[in-house]
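Peer 1: Dumping the structure here so I can ask a few things about it.
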Amino acid sequence: SYFLSRLNQAQLSKTLFPLGKYLKREVREIAREYGLANAEKKDSTGICFIGERPFQEFLQRYLPRHPGVMRTPEGKVVGEHEGLMYYTIGQRQGLKIGGSRESNGEPWFVAAKHMADNELIVVQGHDHPLLQSDGLKAGQLHWISGEQPRTNWVYAAKTRYRQPDAPCEVDAVNEKEATIRFGQHQWAITPGQSVVVYESNVCLGGGIITGAI
C-alpha cells in the first residue's frame, strides 16, 4: 500500500489485485504447479525498469558527473563526490572513504546534501545524531478519502518502503503541508521520498517529504 497511497477512490474502484491475498511463497508454489519458469527465479532487488545493474550507472547515462566536495559537518574534507544526484540520505555504499581513528573506524553515511554549494555532508556511525529525526514536513499531500487526518491523534507512518510502521501524530495539516511527529527517532528521513500514514490497517494517504525536523 506504500506505493498505492497516491491513488484516489475512483482509481482504486477499478483496480484488481489478483495476487493481493497471497504471500510471495504461495505465489511461487502456484507458479511451480503450472510449470512457470519464474517459480525459481531469484527475487529482484533492483529497480524493475532498469534491471539488475548499479543505479548510479543507470543515472550516469542521463545525468553527467558534477564532482564536488565531500565533507564532515565540522568542515573537514574527506573526499570527493561524483554528483549529488547519485547519492541519497543514509547511503553507506559507494562513498569510497575509509573509517577514521577518531570514530573507531565506523562506516560513513550520507547525512545531507547542500545543493547550493554542491557539497555532500557525511558522518560516521549509523546512529549519528544527524541521521536521527523526530519528525518531518511533507507537501504534495494526497488523502485517499478526500478528508485530512485529525490532529493530535495517534496514527502510524512509514517514510520508506519495507520500513516498519512507526507511531506518529499529525501535528498540523492544511491543503499544502503537513507536519508529522514520531514517538521515537526515525533514521535517515529523506526529502523526495513518500511518507504514508495509516490508521490501523487502513492506508490514509500521505505526501512527499520536504524536510526532516
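Starting from 1 in every chain, residues are counted up; chains themselves are A, B, ... following the order of the C-alpha cells, and ligands are numbered from 1 as listed.
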Could you write out, as a VMD selection string, all the residues of range 63-151 of chain A that DSSP marks as strand (DSSP E or B)?

Peer 2: chain A and resid 68 to 71 77 to 81 108 to 114 119 to 124 132 to 143

Peer 1: Please, could you write that set of residues out with N, CA and C atoms as an mmCIF file, in the first residue's frame?

Peer 2:
data_model
loop_
_atom_site.group_PDB
_atom_site.id
_atom_site.type_symbol
_atom_site.label_atom_id
_atom_site.label_comp_id
_atom_site.auth_asym_id
_atom_site.auth_seq_id
_atom_site.Cartn_x
_atom_site.Cartn_y
_atom_site.Cartn_z
ATOM 1 N N GLY A 68 32.139 17.305 -6.602
ATOM 2 C CA GLY A 68 32.190 18.333 -5.571
ATOM 3 C C GLY A 68 32.810 17.779 -4.308
ATOM 4 N N VAL A 69 32.845 18.608 -3.290
ATOM 5 C CA VAL A 69 33.500 18.254 -2.023
ATOM 6 C C VAL A 69 32.605 17.355 -1.178
ATOM 7 N N MET A 70 33.230 16.386 -0.555
ATOM 8 C CA MET A 70 32.579 15.544 0.443
ATOM 9 C C MET A 70 33.212 15.902 1.791
ATOM 10 N N ARG A 71 32.409 16.413 2.736
ATOM 11 C CA ARG A 71 32.983 16.875 3.999
ATOM 12 C C ARG A 71 32.135 16.483 5.191
ATOM 13 N N VAL A 77 37.303 18.110 4.954
ATOM 14 C CA VAL A 77 37.124 17.477 3.654
ATOM 15 C C VAL A 77 37.680 16.059 3.720
ATOM 16 N N VAL A 78 36.848 15.074 3.371
ATOM 17 C CA VAL A 78 37.247 13.671 3.460
ATOM 18 C C VAL A 78 37.221 12.962 2.111
ATOM 19 N N GLY A 79 36.811 13.666 1.068
ATOM 20 C CA GLY A 79 36.781 13.034 -0.240
ATOM 21 C C GLY A 79 36.084 13.904 -1.256
ATOM 22 N N GLU A 80 35.822 13.307 -2.400
ATOM 23 C CA GLU A 80 35.131 13.997 -3.486
ATOM 24 C C GLU A 80 33.973 13.132 -3.967
ATOM 25 N N HIS A 81 32.819 13.751 -4.164
ATOM 26 C CA HIS A 81 31.678 13.010 -4.698
ATOM 27 C C HIS A 81 31.594 13.219 -6.203
ATOM 28 N N TRP A 108 30.998 5.358 7.067
ATOM 29 C CA TRP A 108 30.465 6.673 6.745
ATOM 30 C C TRP A 108 29.072 6.550 6.132
ATOM 31 N N PHE A 109 28.249 7.570 6.397
ATOM 32 C CA PHE A 109 26.901 7.639 5.831
ATOM 33 C C PHE A 109 26.656 9.052 5.305
ATOM 34 N N VAL A 110 25.830 9.151 4.283
ATOM 35 C CA VAL A 110 25.406 10.468 3.783
ATOM 36 C C VAL A 110 24.379 11.045 4.746
ATOM 37 N N ALA A 111 24.641 12.259 5.237
ATOM 38 C CA ALA A 111 23.735 12.903 6.192
ATOM 39 C C ALA A 111 22.956 14.057 5.571
ATOM 40 N N ALA A 112 23.530 14.704 4.561
ATOM 41 C CA ALA A 112 22.846 15.854 3.952
ATOM 42 C C ALA A 112 23.489 16.170 2.611
ATOM 43 N N LYS A 113 22.725 16.896 1.796
ATOM 44 C CA LYS A 113 23.232 17.366 0.509
ATOM 45 C C LYS A 113 23.005 18.874 0.441
ATOM 46 N N HIS A 114 24.090 19.638 0.309
ATOM 47 C CA HIS A 114 23.995 21.091 0.180
ATOM 48 C C HIS A 114 24.037 21.446 -1.304
ATOM 49 N N GLU A 119 27.936 20.338 -2.099
ATOM 50 C CA GLU A 119 28.677 19.625 -1.070
ATOM 51 C C GLU A 119 27.856 18.455 -0.529
ATOM 52 N N LEU A 120 28.527 17.345 -0.309
ATOM 53 C CA LEU A 120 27.911 16.164 0.285
ATOM 54 C C LEU A 120 28.402 16.057 1.722
ATOM 55 N N ILE A 121 27.470 16.080 2.678
ATOM 56 C CA ILE A 121 27.831 16.024 4.094
ATOM 57 C C ILE A 121 27.762 14.581 4.562
ATOM 58 N N VAL A 122 28.848 14.090 5.133
ATOM 59 C CA VAL A 122 28.924 12.702 5.577
ATOM 60 C C VAL A 122 29.282 12.636 7.054
ATOM 61 N N VAL A 123 28.781 11.596 7.720
ATOM 62 C CA VAL A 123 29.046 11.392 9.148
ATOM 63 C C VAL A 123 29.425 9.936 9.363
ATOM 64 N N GLN A 124 30.067 9.661 10.511
ATOM 65 C CA GLN A 124 30.440 8.296 10.827
ATOM 66 C C GLN A 124 29.515 7.710 11.880
ATOM 67 N N GLN A 132 19.238 11.097 12.743
ATOM 68 C CA GLN A 132 18.039 10.848 13.542
ATOM 69 C C GLN A 132 17.126 12.077 13.514
ATOM 70 N N SER A 133 15.834 11.858 13.365
ATOM 71 C CA SER A 133 14.875 12.967 13.335
ATOM 72 C C SER A 133 13.627 12.605 14.116
ATOM 73 N N ASP A 134 13.005 13.629 14.723
ATOM 74 C CA ASP A 134 11.767 13.439 15.482
ATOM 75 C C ASP A 134 10.522 13.566 14.617
ATOM 76 N N GLY A 135 10.681 14.151 13.440
ATOM 77 C CA GLY A 135 9.508 14.378 12.608
ATOM 78 C C GLY A 135 9.885 14.866 11.228
ATOM 79 N N LEU A 136 8.864 15.314 10.506
ATOM 80 C CA LEU A 136 9.091 15.756 9.126
ATOM 81 C C LEU A 136 7.993 16.701 8.691
ATOM 82 N N LYS A 137 8.272 17.393 7.603
ATOM 83 C CA LYS A 137 7.262 18.171 6.900
ATOM 84 C C LYS A 137 7.080 17.563 5.518
ATOM 85 N N ALA A 138 5.851 17.575 5.049
ATOM 86 C CA ALA A 138 5.542 16.982 3.750
ATOM 87 C C ALA A 138 4.615 17.889 2.956
ATOM 88 N N GLY A 139 4.793 17.906 1.646
ATOM 89 C CA GLY A 139 3.925 18.645 0.743
ATOM 90 C C GLY A 139 3.317 17.703 -0.284
ATOM 91 N N GLN A 140 2.679 18.271 -1.321
ATOM 92 C CA GLN A 140 2.002 17.479 -2.351
ATOM 93 C C GLN A 140 1.121 16.405 -1.707
ATOM 94 N N LEU A 141 0.302 16.835 -0.767
ATOM 95 C CA LEU A 141 -0.495 15.904 0.036
ATOM 96 C C LEU A 141 -1.609 15.265 -0.785
ATOM 97 N N HIS A 142 -1.880 14.032 -0.442
ATOM 98 C CA HIS A 142 -2.983 13.312 -1.093
ATOM 99 C C HIS A 142 -3.614 12.376 -0.069
ATOM 100 N N TRP A 143 -4.902 12.596 0.232
ATOM 101 C CA TRP A 143 -5.625 11.741 1.175
ATOM 102 C C TRP A 143 -6.674 10.968 0.385
#

Peer 1: Using Å and a single decimal, report how far CA of Arg150 in chain A sits from CA of Ala172 in chain A.

Peer 2: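 Distance between the two atoms: 8.8 Å.
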
Peer 1: List every residue of range 15-182 of chain A that DSSP, applied to the backbone, labels as helix (DSSP H, G or I), and write the result as a list in words.

Peer 2: Lys24, Arg25, Glu26, Val27, Arg28, Glu29, Ile30, Ala31, Arg32, Glu33, Ala37, Asn38, Ala39, Glu40, Phe55, Gln56, Glu57, Phe58, Leu59, Gln60, Leu84, Met85, Tyr86, Arg101, Glu102, Ser103, Pro129, Leu130 and Leu131 of chain A

Peer 1: Output C-alpha atoms for every residue in the selection just made, as a compact mmCIF listing (two decimals), in the first residue's frame.

Peer 2:
# COMPACT_ATOMS: atom_id res chain seq x y z
CA LYS A 24 5.15 -14.50 -2.08
CA ARG A 25 5.89 -18.13 -1.19
CA GLU A 26 2.31 -19.04 -2.12
CA VAL A 27 2.65 -17.33 -5.48
CA ARG A 28 5.84 -19.29 -6.15
CA GLU A 29 4.06 -22.53 -5.29
CA ILE A 30 1.25 -21.72 -7.75
CA ALA A 31 3.88 -20.95 -10.41
CA ARG A 32 5.51 -24.33 -9.77
CA GLU A 33 2.18 -26.11 -10.15
CA ALA A 37 9.87 -20.58 -15.33
CA ASN A 38 9.81 -17.71 -12.85
CA ALA A 39 8.86 -20.05 -9.99
CA GLU A 40 12.55 -20.46 -9.18
CA PHE A 55 21.61 2.56 -10.05
CA GLN A 56 24.41 5.12 -10.36
CA GLU A 57 25.50 3.54 -13.62
CA PHE A 58 21.96 3.94 -14.94
CA LEU A 59 21.76 7.61 -13.86
CA GLN A 60 25.12 8.44 -15.45
CA LEU A 84 24.83 14.95 -5.59
CA MET A 85 22.13 13.28 -7.70
CA TYR A 86 23.91 9.95 -7.32
CA ARG A 101 40.61 6.52 14.08
CA GLU A 102 38.72 9.37 15.75
CA SER A 103 35.46 7.41 15.32
CA PRO A 129 22.56 12.42 15.61
CA LEU A 130 22.35 13.99 12.14
CA LEU A 131 20.76 10.77 10.86

Peer 1: Which neighbours of Gln163 in chain A fall inside 12 Å, counting only C-alpha atoms, when residues of the same chain fewer than 3 positions from it are skipped, and could you give them as a list of chain:residue names?

Peer 2: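 Counting only C-alpha atoms, the residues come to A:Tyr2, A:Ala156, A:Ala157, A:Lys158, A:Thr159, A:Arg160, A:Ala166, A:Gln186, A:Trp187, A:Ala188, A:Ile189, A:Ser194, A:Val195, A:Val196.
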
Peer 1: Expressed in Å to a single decimal, how great is the separation between CA of Leu12 in chain A and CA of Cys48 in chain A?

Peer 2: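 Calculated distance between CA of Leu12 in chain A and CA of Cys48 in chain A is 22.6 Å.
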